[in-house]
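Coordinates as given in target-v2.csv (CSV, C-alpha atoms and all ligand atoms):
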```
chain,number,residue,atom,x,y,z
A,173,MET,CA,134.5,62.9,-97.4
A,174,ASN,CA,136.5,59.9,-98.5
A,175,LYS,CA,136.1,59.4,-102.3
A,176,ARG,CA,135.9,55.7,-102.2
A,177,LEU,CA,133.1,55.9,-99.6
A,178,THR,CA,131.1,58.4,-101.6
A,179,THR,CA,131.2,56.0,-104.6
A,180,PHE,CA,130.1,53.2,-102.5
A,181,LEU,CA,127.2,55.1,-101.1
A,182,SER,CA,126.0,56.2,-104.5
A,183,VAL,CA,126.0,52.6,-105.6
A,184,LEU,CA,123.9,51.9,-102.6
A,185,VAL,CA,121.1,54.0,-104.2
A,186,VAL,CA,119.9,50.9,-106.0
A,187,LEU,CA,117.5,50.6,-108.8
A,188,VAL,CA,114.4,48.7,-107.8
A,189,LEU,CA,112.8,46.6,-110.6
A,190,LEU,CA,109.1,46.4,-110.0
A,191,PRO,CA,107.6,43.1,-111.3
A,192,LEU,CA,105.9,43.5,-114.6
A,193,SER,CA,102.3,42.8,-114.9
A,194,PRO,CA,102.4,40.3,-117.8
A,195,SER,CA,99.0,41.1,-119.4
A,196,ASN,CA,99.6,44.9,-119.3
A,197,ALA,CA,103.1,44.6,-120.5
A,198,ALA,CA,102.2,42.4,-123.4
A,199,SER,CA,99.5,44.7,-124.6
A,200,GLN,CA,101.7,47.8,-124.6
A,201,THR,CA,105.1,46.5,-125.5
A,202,GLY,CA,106.2,45.9,-129.1
A,203,GLY,CA,104.2,48.6,-130.8
A,204,ILE,CA,106.1,50.4,-133.5
A,205,CYS,CA,107.4,53.9,-132.6
A,206,SER,CA,109.1,56.6,-134.6
A,207,LYS,CA,112.1,58.0,-132.7
A,208,ALA,CA,114.6,56.2,-130.5
A,209,GLY,CA,114.8,57.5,-127.0
A,210,LYS,CA,111.2,59.0,-126.9
A,211,THR,CA,109.1,58.0,-123.9
A,212,LYS,CA,105.4,57.8,-123.2
A,213,VAL,CA,103.5,57.1,-120.0
A,214,ILE,CA,100.4,54.9,-120.1
A,215,SER,CA,98.6,54.0,-116.9
A,216,GLY,CA,101.5,55.1,-114.8
A,217,LYS,CA,103.9,53.0,-116.8
A,218,THR,CA,106.7,54.4,-118.8
A,219,PHE,CA,107.5,53.1,-122.3
A,220,LYS,CA,110.7,54.0,-124.2
A,221,CYS,CA,111.3,53.8,-127.9
A,222,ILE,CA,114.2,51.5,-128.4
A,223,LYS,CA,116.0,50.6,-131.5
A,224,SER,CA,116.6,46.9,-131.9
A,225,GLY,CA,118.2,45.9,-135.2
A,226,LYS,CA,116.4,48.1,-137.8
A,227,LYS,CA,113.2,48.1,-135.8
A,228,LEU,CA,112.0,50.8,-133.4
A,229,SER,CA,109.5,49.6,-130.8
A,230,TRP,CA,108.0,50.7,-127.5
A,231,ILE,CA,109.5,48.8,-124.6
A,232,LEU,CA,108.2,49.0,-121.1
A,233,THR,CA,110.9,50.5,-118.9
A,234,PRO,CA,111.2,49.4,-115.3
A,235,SER,CA,109.9,51.9,-112.7
A,236,ILE,CA,112.8,53.5,-110.9
A,237,SER,CA,112.6,54.5,-107.4
A,238,LYS,CA,115.4,55.8,-105.3
A,239,VAL,CA,115.9,54.0,-102.1
A,240,THR,CA,117.5,56.1,-99.4
A,241,PRO,CA,119.9,53.9,-97.5
A,242,GLU,CA,119.3,53.6,-93.7
A,243,ALA,CA,121.4,56.3,-92.0
A,244,PRO,CA,124.8,55.0,-93.1
A,245,LYS,CA,127.5,54.8,-90.5
A,246,ILE,CA,130.1,56.9,-92.1
A,247,VAL,CA,133.4,56.4,-90.4
A,248,GLU,CA,136.4,58.2,-91.9
A,249,THR,CA,139.1,56.0,-93.2
A,250,TRP,CA,141.6,57.1,-90.6
A,251,TRP,CA,139.3,56.6,-87.6
A,252,ARG,CA,138.2,53.2,-89.0
A,253,ALA,CA,141.9,52.2,-89.0
A,254,MET,CA,142.3,53.4,-85.5
A,255,LEU,CA,139.2,51.6,-84.3
A,256,ASP,CA,140.7,48.4,-85.8
A,257,SER,CA,143.8,48.7,-83.6
A,258,ARG,CA,141.6,49.6,-80.6
A,259,SER,CA,139.3,46.6,-81.1
A,260,PHE,CA,141.9,44.1,-80.0
A,261,SER,CA,141.4,43.2,-76.4
A,262,GLN,CA,142.4,39.6,-76.0
A,263,VAL,CA,143.8,38.5,-72.7
A,264,PRO,CA,147.4,37.8,-73.6
A,265,ARG,CA,148.9,34.5,-72.6
A,266,VAL,CA,152.0,36.1,-71.2
A,267,ILE,CA,152.2,39.7,-70.2
A,268,GLN,CA,155.4,41.6,-70.9
A,269,SER,CA,157.4,42.0,-67.7
A,270,ILE,CA,158.6,45.4,-66.6
A,271,ASP,CA,161.3,46.7,-64.2
A,272,ILE,CA,160.1,50.1,-63.3
A,273,LYS,CA,162.0,52.4,-60.8
A,274,SER,CA,161.4,55.9,-59.7
A,275,ALA,CA,164.0,58.3,-58.4
A,276,PRO,CA,163.6,59.6,-54.8
A,277,ASN,CA,162.3,63.0,-55.8
A,278,VAL,CA,159.6,61.9,-58.2
A,279,PRO,CA,156.1,62.7,-56.7
A,280,LYS,CA,154.4,59.4,-56.0
A,281,SER,CA,151.3,60.6,-57.8
A,282,GLU,CA,153.3,60.8,-61.0
A,283,THR,CA,154.8,57.4,-60.6
A,284,ASP,CA,151.4,55.9,-60.0
A,285,LYS,CA,149.8,57.5,-63.0
A,286,ILE,CA,152.7,56.4,-65.3
A,287,ALA,CA,152.7,52.9,-63.9
A,288,ALA,CA,148.9,52.5,-64.5
A,289,HIS,CA,149.3,53.6,-68.1
A,290,PHE,CA,152.2,51.2,-68.5
A,291,ASN,CA,150.1,48.4,-67.3
A,292,ASP,CA,147.4,49.0,-69.9
A,293,THR,CA,149.9,49.4,-72.7
A,294,LEU,CA,151.8,46.3,-71.8
A,295,ILE,CA,148.6,44.2,-71.8
A,296,TYR,CA,147.6,45.6,-75.1
A,297,TRP,CA,151.0,44.9,-76.9
A,298,SER,CA,151.5,41.6,-75.2
A,299,GLN,CA,148.6,40.2,-77.4
A,300,PHE,CA,151.0,40.5,-80.3
A,301,VAL,CA,154.5,40.2,-79.2
A,302,VAL,CA,156.5,39.7,-75.9
A,303,ASN,CA,160.1,40.4,-75.3
A,304,PRO,CA,161.9,37.8,-73.1
A,305,GLN,CA,163.7,40.7,-71.4
A,306,PRO,CA,161.9,43.1,-69.0
A,307,LEU,CA,161.1,46.6,-70.1
A,308,TYR,CA,163.5,48.6,-68.0
A,309,THR,CA,161.7,51.8,-67.2
A,310,THR,CA,163.1,54.7,-65.2
A,311,ILE,CA,161.2,57.8,-63.9
A,312,VAL,CA,163.3,60.7,-62.8
A,313,SER,CA,162.7,64.3,-61.8
A,314,GLU,CA,164.9,67.4,-62.4
A,315,LYS,CA,166.3,66.9,-58.9
A,316,ASP,CA,167.6,63.4,-59.5
A,317,TYR,CA,170.7,63.9,-61.7
A,318,GLU,CA,173.0,61.7,-59.6
A,319,TRP,CA,170.5,59.0,-59.1
A,320,TYR,CA,169.7,59.0,-62.9
A,321,MET,CA,173.3,58.7,-63.9
A,322,LYS,CA,173.8,55.7,-61.6
A,323,ARG,CA,170.7,54.0,-62.8
A,324,TRP,CA,171.8,54.7,-66.4
A,325,GLN,CA,175.1,53.0,-65.8
A,326,GLU,CA,173.4,50.0,-64.2
A,327,LEU,CA,171.2,49.6,-67.3
A,328,GLY,CA,174.3,49.4,-69.5
A,329,SER,CA,175.0,53.0,-70.5
A,330,ASP,CA,172.7,53.2,-73.5
A,331,ASN,CA,172.5,56.2,-75.9
A,332,THR,CA,170.6,58.5,-73.6
A,333,GLY,CA,172.7,59.4,-70.5
A,334,GLN,CA,174.2,62.9,-70.3
A,335,TYR,CA,173.0,63.7,-73.8
A,336,TRP,CA,169.4,63.2,-73.0
A,337,TRP,CA,169.6,64.8,-69.6
A,338,ASP,CA,171.0,68.0,-71.2
A,339,LYS,CA,168.5,67.8,-74.0
A,340,THR,CA,165.5,67.8,-71.6
A,341,GLY,CA,167.1,70.9,-69.9
A,342,ASN,CA,164.7,72.4,-67.4
A,343,GLY,CA,161.7,70.6,-69.0
A,344,GLU,CA,160.3,67.1,-69.1
A,345,GLY,CA,160.8,64.4,-71.7
A,346,GLY,CA,160.6,60.8,-72.6
A,347,ALA,CA,163.3,58.6,-74.3
A,348,VAL,CA,164.0,55.1,-75.5
A,349,GLY,CA,167.6,54.1,-75.2
A,350,TRP,CA,169.5,51.1,-76.7
A,351,ASN,CA,172.6,49.8,-75.0
A,352,ASN,CA,175.4,47.8,-76.6
A,353,SER,CA,173.8,44.4,-75.9
A,354,GLY,CA,170.6,45.5,-77.6
A,355,GLN,CA,168.7,46.0,-74.4
A,356,ILE,CA,166.0,48.7,-74.6
A,357,ASN,CA,165.5,51.1,-71.7
A,358,MET,CA,162.8,53.7,-71.3
A,359,TYR,CA,163.1,57.0,-69.4
A,360,PHE,CA,160.6,59.6,-68.3
A,361,LYS,CA,161.7,62.9,-66.8
A,362,VAL,CA,158.9,64.7,-64.9
A,363,LEU,CA,159.1,67.9,-62.9
A,364,THR,CA,158.5,68.2,-59.2
A,365,THR,CA,156.9,71.7,-59.8
A,366,ARG,CA,153.8,70.7,-61.7
A,367,PRO,CA,151.9,67.6,-62.9
A,368,SER,CA,153.6,66.1,-66.0
A,369,THR,CA,152.0,66.3,-69.4
A,370,LEU,CA,153.9,63.0,-70.2
A,371,ALA,CA,152.1,61.0,-67.5
A,372,THR,CA,149.2,60.4,-69.9
A,373,ARG,CA,148.0,57.2,-71.6
A,374,GLU,CA,148.8,58.8,-74.9
A,375,HIS,CA,152.5,59.4,-74.2
A,376,VAL,CA,153.0,56.0,-72.6
A,377,PHE,CA,151.4,54.2,-75.5
A,378,HIS,CA,153.7,56.1,-77.8
A,379,GLU,CA,156.9,55.3,-76.0
A,380,VAL,CA,156.0,51.7,-75.3
A,381,THR,CA,155.2,51.2,-79.0
A,382,HIS,CA,158.8,51.8,-79.7
A,383,PHE,CA,159.8,49.0,-77.3
A,384,PHE,CA,157.5,46.5,-79.1
A,385,GLN,CA,158.6,47.7,-82.6
A,386,ALA,CA,162.2,46.8,-81.6
A,387,THR,CA,161.0,43.6,-80.1
A,388,ALA,CA,159.1,42.5,-83.3
A,389,LEU,CA,161.5,43.9,-85.9
A,390,LYS,CA,164.8,43.3,-83.9
A,391,ASP,CA,167.7,45.0,-85.7
A,392,GLU,CA,165.7,45.5,-88.8
A,393,VAL,CA,163.9,48.3,-87.1
A,394,ASN,CA,167.0,50.4,-87.9
A,395,ASN,CA,166.5,49.9,-91.6
A,396,THR,CA,162.8,50.9,-91.7
A,397,PRO,CA,161.8,54.1,-93.5
A,398,CYS,CA,161.2,57.4,-91.8
A,399,TRP,CA,157.4,56.9,-91.9
A,400,PHE,CA,157.4,53.7,-89.9
A,401,GLY,CA,158.7,54.1,-86.3
A,402,GLU,CA,157.4,57.5,-85.2
A,403,GLY,CA,154.4,57.3,-87.5
A,404,GLN,CA,153.2,54.1,-86.0
A,405,ALA,CA,153.8,55.4,-82.4
A,406,GLN,CA,151.8,58.5,-83.3
A,407,PHE,CA,149.0,56.3,-84.8
A,408,ILE,CA,148.8,54.1,-81.7
A,409,GLN,CA,149.0,57.0,-79.3
A,410,SER,CA,146.1,58.6,-81.0
A,411,ALA,CA,144.0,55.4,-81.3
A,412,HIS,CA,144.5,54.6,-77.6
A,413,ALA,CA,144.7,58.1,-76.2
A,414,ASP,CA,141.9,57.5,-73.8
A,415,LYS,CA,139.7,54.5,-72.7
A,416,SER,CA,136.7,56.5,-73.9
A,417,GLU,CA,136.3,56.2,-77.7
A,418,THR,CA,134.9,59.7,-77.9
A,419,VAL,CA,137.7,61.3,-76.0
A,420,ALA,CA,140.3,59.3,-77.9
A,421,LYS,CA,138.8,60.5,-81.1
A,422,SER,CA,138.9,64.1,-80.2
A,423,ILE,CA,142.6,63.8,-79.2
A,424,ALA,CA,143.3,62.0,-82.5
A,425,ILE,CA,141.6,64.7,-84.5
A,426,GLN,CA,143.9,67.3,-82.9
A,427,ASN,CA,147.0,65.2,-83.6
A,428,ARG,CA,146.0,64.6,-87.1
A,429,LYS,CA,145.4,68.3,-87.7
A,430,TRP,CA,148.9,69.0,-86.6
A,431,ALA,CA,150.2,66.3,-88.9
A,432,ILE,CA,148.3,67.5,-91.9
A,433,SER,CA,149.3,71.1,-91.5
A,434,ALA,CA,153.0,70.2,-91.1
A,435,VAL,CA,153.0,68.0,-94.2
A,436,ASN,CA,151.1,70.6,-96.1
A,437,LYS,CA,153.8,73.2,-95.3
A,438,TYR,CA,156.5,70.8,-96.4
A,439,ILE,CA,154.7,69.8,-99.6
A,440,GLY,CA,154.1,73.4,-100.4
A,441,THR,CA,157.9,73.8,-100.9
A,442,THR,CA,158.2,70.8,-103.2
A,443,ASN,CA,156.5,69.3,-106.2
A,444,SER,CA,153.6,67.5,-104.5
A,445,VAL,CA,153.5,64.0,-105.9
A,446,ASP,CA,157.3,63.8,-106.4
A,447,GLY,CA,157.8,65.5,-103.0
A,448,LEU,CA,155.6,62.9,-101.3
A,449,PHE,CA,157.3,60.0,-103.1
A,450,ASN,CA,160.7,61.3,-102.2
A,451,ALA,CA,159.7,61.8,-98.6
A,452,LEU,CA,158.5,58.2,-98.5
A,453,THR,CA,161.4,56.6,-100.2
A,454,ASN,CA,164.5,58.8,-99.7
A,455,ILE,CA,164.2,60.3,-96.2
A,456,SER,CA,165.8,58.0,-93.8
A,457,ARG,CA,165.0,57.3,-90.1
A,458,GLY,CA,168.1,59.3,-89.1
A,459,ASP,CA,167.4,62.3,-91.3
A,460,VAL,CA,166.9,65.6,-89.4
A,461,LEU,CA,163.6,66.2,-91.4
A,462,CYS,CA,162.4,62.9,-90.0
A,463,ASN,CA,162.6,63.5,-86.3
A,464,ARG,CA,164.7,66.5,-85.4
A,465,THR,CA,163.3,69.6,-87.1
A,466,GLU,CA,160.0,70.6,-88.7
A,467,PRO,CA,158.2,69.2,-90.5
A,468,LEU,CA,159.1,66.1,-88.4
A,469,LEU,CA,158.0,63.9,-91.2
A,470,GLY,CA,158.4,60.7,-89.2
A,471,TYR,CA,155.7,61.9,-86.8
A,472,THR,CA,153.5,63.9,-89.2
A,473,LEU,CA,153.6,62.2,-92.6
A,474,GLY,CA,154.3,58.9,-90.8
A,475,GLN,CA,151.0,59.1,-88.9
A,476,LEU,CA,149.0,59.5,-92.2
A,477,VAL,CA,151.0,56.6,-93.8
A,478,ASN,CA,150.3,54.3,-90.9
A,479,GLU,CA,146.5,55.0,-90.9
A,480,LYS,CA,146.3,54.2,-94.6
A,481,LEU,CA,148.4,51.1,-94.1
A,482,VAL,CA,146.0,49.8,-91.4
A,483,ALA,CA,143.0,50.9,-93.4
A,484,ASP,CA,144.2,49.0,-96.5
A,485,PHE,CA,145.5,45.8,-94.8
A,486,THR,CA,144.2,45.7,-91.2
A,487,TRP,CA,146.1,46.1,-88.0
A,488,ILE,CA,146.8,42.4,-87.5
A,489,LYS,CA,148.5,42.2,-90.9
A,490,VAL,CA,150.6,45.1,-89.9
A,491,ILE,CA,151.7,43.1,-86.9
A,492,ASP,CA,152.5,40.1,-89.2
A,493,PHE,CA,154.5,42.5,-91.4
A,494,MET,CA,156.5,43.6,-88.3
A,495,LYS,CA,157.2,40.1,-87.1
A,496,LYS,CA,158.3,38.8,-90.4
A,497,SER,CA,160.6,41.7,-91.1
A,498,PRO,CA,163.8,40.3,-89.4
A,499,GLU,CA,163.8,37.2,-91.8
A,500,ASN,CA,164.5,39.0,-95.1
A,501,GLY,CA,164.2,42.7,-94.4
A,502,TRP,CA,161.2,44.9,-94.1
A,503,GLN,CA,160.7,45.3,-97.8
A,504,ALA,CA,160.5,41.6,-98.5
A,505,SER,CA,158.1,41.3,-95.6
A,506,PHE,CA,156.0,44.2,-96.9
A,507,ASN,CA,155.7,42.4,-100.2
A,508,SER,CA,154.9,39.0,-98.9
A,509,THR,CA,152.5,40.2,-96.2
A,510,PHE,CA,150.5,42.8,-98.2
A,511,GLY,CA,151.0,41.3,-101.7
A,512,ILE,CA,152.3,44.5,-103.2
A,513,SER,CA,155.7,46.2,-103.0
A,514,ALA,CA,156.0,49.2,-100.8
A,515,GLU,CA,156.8,51.5,-103.8
A,516,ASP,CA,153.8,50.3,-105.8
A,517,TRP,CA,151.6,50.8,-102.8
A,518,TYR,CA,152.9,54.3,-102.4
A,519,LYS,CA,152.2,55.1,-106.0
A,520,LYS,CA,148.9,53.4,-106.4
A,521,ASP,CA,147.2,53.8,-103.1
A,522,LEU,CA,149.0,55.9,-100.6
A,523,ILE,CA,149.9,59.0,-102.6
A,524,PRO,CA,146.4,59.4,-104.1
A,525,TYR,CA,145.0,59.1,-100.5
A,526,LEU,CA,147.5,61.6,-99.1
A,527,ILE,CA,146.7,64.1,-101.9
A,528,ALA,CA,143.0,63.8,-101.2
A,529,GLU,CA,143.5,64.1,-97.4
A,530,LEU,CA,146.0,66.9,-97.7
A,531,LYS,CA,143.7,68.6,-100.3
A,532,ILE,CA,146.8,69.6,-102.3
A,601,ZN,ZN,158.6,58.3,-80.6
```
Just give me the structure of the file as structure tokens.
Ligand SMILES: [Zn+2]
Amino acid sequence: MNKRLTTFLSVLVVLVLLPLSPSNAASQTGGICSKAGKTKVISGKTFKCIKSGKKLSWILTPSISKVTPEAPKIVETWWRAMLDSRSFSQVPRVIQSIDIKSAPNVPKSETDKIAAHFNDTLIYWSQFVVNPQPLYTTIVSEKDYEWYMKRWQELGSDNTGQYWWDKTGNGEGGAVGWNNSGQINMYFKVLTTRPSTLATREHVFHEVTHFFQATALKDEVNNTPCWFGEGQAQFIQSAHADKSETVAKSIAIQNRKWAISAVNKYIGTTNSVDGLFNALTNISRGDVLCNRTEPLLGYTLGQLVNEKLVADFTWIKVIDFMKKSPENGWQASFNSTFGISAEDWYKKDLIPYLIAELKI
């Protein structure tokens, strides 16, 4: 269990002071006793021998009864943070516009599923930030290479193209691309042979989160540490994995187990506290360890960092932090939004939490 919560609960077991009966108290209190600390019980009341100055005298001690708190609602820190992000459901003033196109061979059922999830995701994020440009979204299948390349060129030849097509191979995949004018494009490749595992609320929330990260942080998103981008996308995908809280939580638990075991494996090869501090400060967004090869620290460690960030400062403050980042950089924004520098927060709050959660 979370240590802070345990402390809090034990404090909840309060001491109840029963009112003294003045006459009884007066007759028993004040008599001289011989040894400090000794106790005696008279008519159900306990007296203790207390030394005051040079004098030892019997003092009536308050009756102590333990009060069991009403079944406390114990919510783990990480799920409390996720519930915080789930709890926002304002009707946004403006909803992010989208330009969504499907290639000819994509099964209609897949397009419909993805589009419905996009709708939910855009409404959610539009509460916080809206990009004046539409979110250009493309759904292709393995049979749509020519169509895809044409669409990719129309969208300004971003950094996906042939590279991403080859990378997905015979499988499925999702990607976010940036073209030279800073436009963000989103791609989903699904297969005609089976229902896509990407056509889920979870994956759509993940990818769309990247679009809004770039919208809020602008170019500063490229300077953010490894833990931010993928970590927040993982955090949000878990929190919103399903409309049902119970289902979302069970998915989140699985995602978190994967994250914990990957970080544990990585930490096992390094000195734990130093290794964690190093991973937080020195591993960049572009590092292979961050998002290309195991332990995929951006996704795994990042997920845990983001849950603690929201738990400590609330989701709405994290949004403020993102929006303020383009002014003077993410670090200055971290400082002014949360009232602590990122490095101090790592040392004082985050690393002790990680160590407890990872059970190093
Ligand atoms: Zn991602």
**Item:** Residue contacts of A:Lys421 (12 Å, all atoms listed in the file) excluding same-chain residues fewer than 6 positions away, as a PyMOL selection string
**Value:** chain A and resi 247-248+250-255+258+374+407-415+427-428
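In terms of minimum interatomic distance to ligand ZN 601 (chain A), A:Gly403 ranks closest within A:Gly458, A:Gly403, A:Pro367, A:Pro306, counting all atoms listed in the file.
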**Request:** Check every protein, DNA and RNA residue against ligand ZN 601 (chain A), keep those with an atom at most 9 Å away (counting only C-alpha atoms and all ligand atoms), and present them as a PyMOL selection string.
**Result:** chain A and resi 346-348+375+378-382+401-406+463+470-471
Since we have the selection now, will you write its residues out, keeping C-alpha atoms, as a PDB file, in the frame of the given file?
```
ATOM      1  CA  GLY A 346     160.600  60.800 -72.600  1.00  0.00           C
ATOM      2  CA  ALA A 347     163.300  58.600 -74.300  1.00  0.00           C
ATOM      3  CA  VAL A 348     164.000  55.100 -75.500  1.00  0.00           C
ATOM      4  CA  HIS A 375     152.500  59.400 -74.200  1.00  0.00           C
ATOM      5  CA  HIS A 378     153.700  56.100 -77.800  1.00  0.00           C
ATOM      6  CA  GLU A 379     156.900  55.300 -76.000  1.00  0.00           C
ATOM      7  CA  VAL A 380     156.000  51.700 -75.300  1.00  0.00           C
ATOM      8  CA  THR A 381     155.200  51.200 -79.000  1.00  0.00           C
ATOM      9  CA  HIS A 382     158.800  51.800 -79.700  1.00  0.00           C
ATOM     10  CA  GLY A 401     158.700  54.100 -86.300  1.00  0.00           C
ATOM     11  CA  GLU A 402     157.400  57.500 -85.200  1.00  0.00           C
ATOM     12  CA  GLY A 403     154.400  57.300 -87.500  1.00  0.00           C
ATOM     13  CA  GLN A 404     153.200  54.100 -86.000  1.00  0.00           C
ATOM     14  CA  ALA A 405     153.800  55.400 -82.400  1.00  0.00           C
ATOM     15  CA  GLN A 406     151.800  58.500 -83.300  1.00  0.00           C
ATOM     16  CA  ASN A 463     162.600  63.500 -86.300  1.00  0.00           C
ATOM     17  CA  GLY A 470     158.400  60.700 -89.200  1.00  0.00           C
ATOM     18  CA  TYR A 471     155.700  61.900 -86.800  1.00  0.00           C
TER      19      TYR A 471
END
```
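Taking atom CA of A:Tyr438 and atom CA of A:Thr465 as the two end points, the separation is 11.6 Å.
The smallest atom-to-atom distance between A:Asp446 and any of A:Ser368, A:Asn357, A:Trp230, A:Lys519, using all atoms listed in the file, is found for A:Lys519.
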Please output stretch 408-422 of chain A, rebuilt to include N, CA and C atoms, as a PDB file, in the coordinates of the input.
```pdb
ATOM      1  N   ILE A 408     149.298  54.850 -82.888  1.00  0.00           N
ATOM      2  CA  ILE A 408     148.800  54.100 -81.700  1.00  0.00           C
ATOM      3  C   ILE A 408     148.511  55.035 -80.552  1.00  0.00           C
ATOM      4  N   GLN A 409     149.305  56.062 -80.383  1.00  0.00           N
ATOM      5  CA  GLN A 409     149.000  57.000 -79.300  1.00  0.00           C
ATOM      6  C   GLN A 409     147.674  57.669 -79.463  1.00  0.00           C
ATOM      7  N   SER A 410     147.357  58.006 -80.704  1.00  0.00           N
ATOM      8  CA  SER A 410     146.100  58.600 -81.000  1.00  0.00           C
ATOM      9  C   SER A 410     144.925  57.646 -80.791  1.00  0.00           C
ATOM     10  N   ALA A 411     145.093  56.451 -81.336  1.00  0.00           N
ATOM     11  CA  ALA A 411     144.000  55.400 -81.300  1.00  0.00           C
ATOM     12  C   ALA A 411     143.686  55.086 -79.825  1.00  0.00           C
ATOM     13  N   HIS A 412     144.701  55.080 -78.970  1.00  0.00           N
ATOM     14  CA  HIS A 412     144.500  54.600 -77.600  1.00  0.00           C
ATOM     15  C   HIS A 412     144.630  55.763 -76.584  1.00  0.00           C
ATOM     16  N   ALA A 413     144.447  56.985 -77.047  1.00  0.00           N
ATOM     17  CA  ALA A 413     144.700  58.100 -76.200  1.00  0.00           C
ATOM     18  C   ALA A 413     143.856  58.143 -74.920  1.00  0.00           C
ATOM     19  N   ASP A 414     142.720  57.487 -74.974  1.00  0.00           N
ATOM     20  CA  ASP A 414     141.900  57.500 -73.800  1.00  0.00           C
ATOM     21  C   ASP A 414     141.017  56.186 -73.845  1.00  0.00           C
ATOM     22  N   LYS A 415     140.558  55.737 -72.695  1.00  0.00           N
ATOM     23  CA  LYS A 415     139.700  54.500 -72.700  1.00  0.00           C
ATOM     24  C   LYS A 415     138.363  54.850 -73.361  1.00  0.00           C
ATOM     25  N   SER A 416     137.914  56.085 -73.255  1.00  0.00           N
ATOM     26  CA  SER A 416     136.700  56.500 -73.900  1.00  0.00           C
ATOM     27  C   SER A 416     136.969  56.717 -75.407  1.00  0.00           C
ATOM     28  N   GLU A 417     136.154  56.077 -76.248  1.00  0.00           N
ATOM     29  CA  GLU A 417     136.300  56.200 -77.700  1.00  0.00           C
ATOM     30  C   GLU A 417     136.169  57.682 -78.127  1.00  0.00           C
ATOM     31  N   THR A 418     135.172  58.351 -77.528  1.00  0.00           N
ATOM     32  CA  THR A 418     134.900  59.700 -77.900  1.00  0.00           C
ATOM     33  C   THR A 418     136.062  60.650 -77.557  1.00  0.00           C
ATOM     34  N   VAL A 419     136.605  60.458 -76.364  1.00  0.00           N
ATOM     35  CA  VAL A 419     137.700  61.300 -76.000  1.00  0.00           C
ATOM     36  C   VAL A 419     138.947  61.006 -76.820  1.00  0.00           C
ATOM     37  N   ALA A 420     139.193  59.720 -77.047  1.00  0.00           N
ATOM     38  CA  ALA A 420     140.300  59.300 -77.900  1.00  0.00           C
ATOM     39  C   ALA A 420     140.219  59.965 -79.257  1.00  0.00           C
ATOM     40  N   LYS A 421     139.010  59.944 -79.796  1.00  0.00           N
ATOM     41  CA  LYS A 421     138.800  60.500 -81.100  1.00  0.00           C
ATOM     42  C   LYS A 421     139.100  61.994 -81.173  1.00  0.00           C
ATOM     43  N   SER A 422     138.671  62.694 -80.139  1.00  0.00           N
ATOM     44  CA  SER A 422     138.900  64.100 -80.200  1.00  0.00           C
ATOM     45  C   SER A 422     140.389  64.456 -80.047  1.00  0.00           C
TER      46      SER A 422
END
```
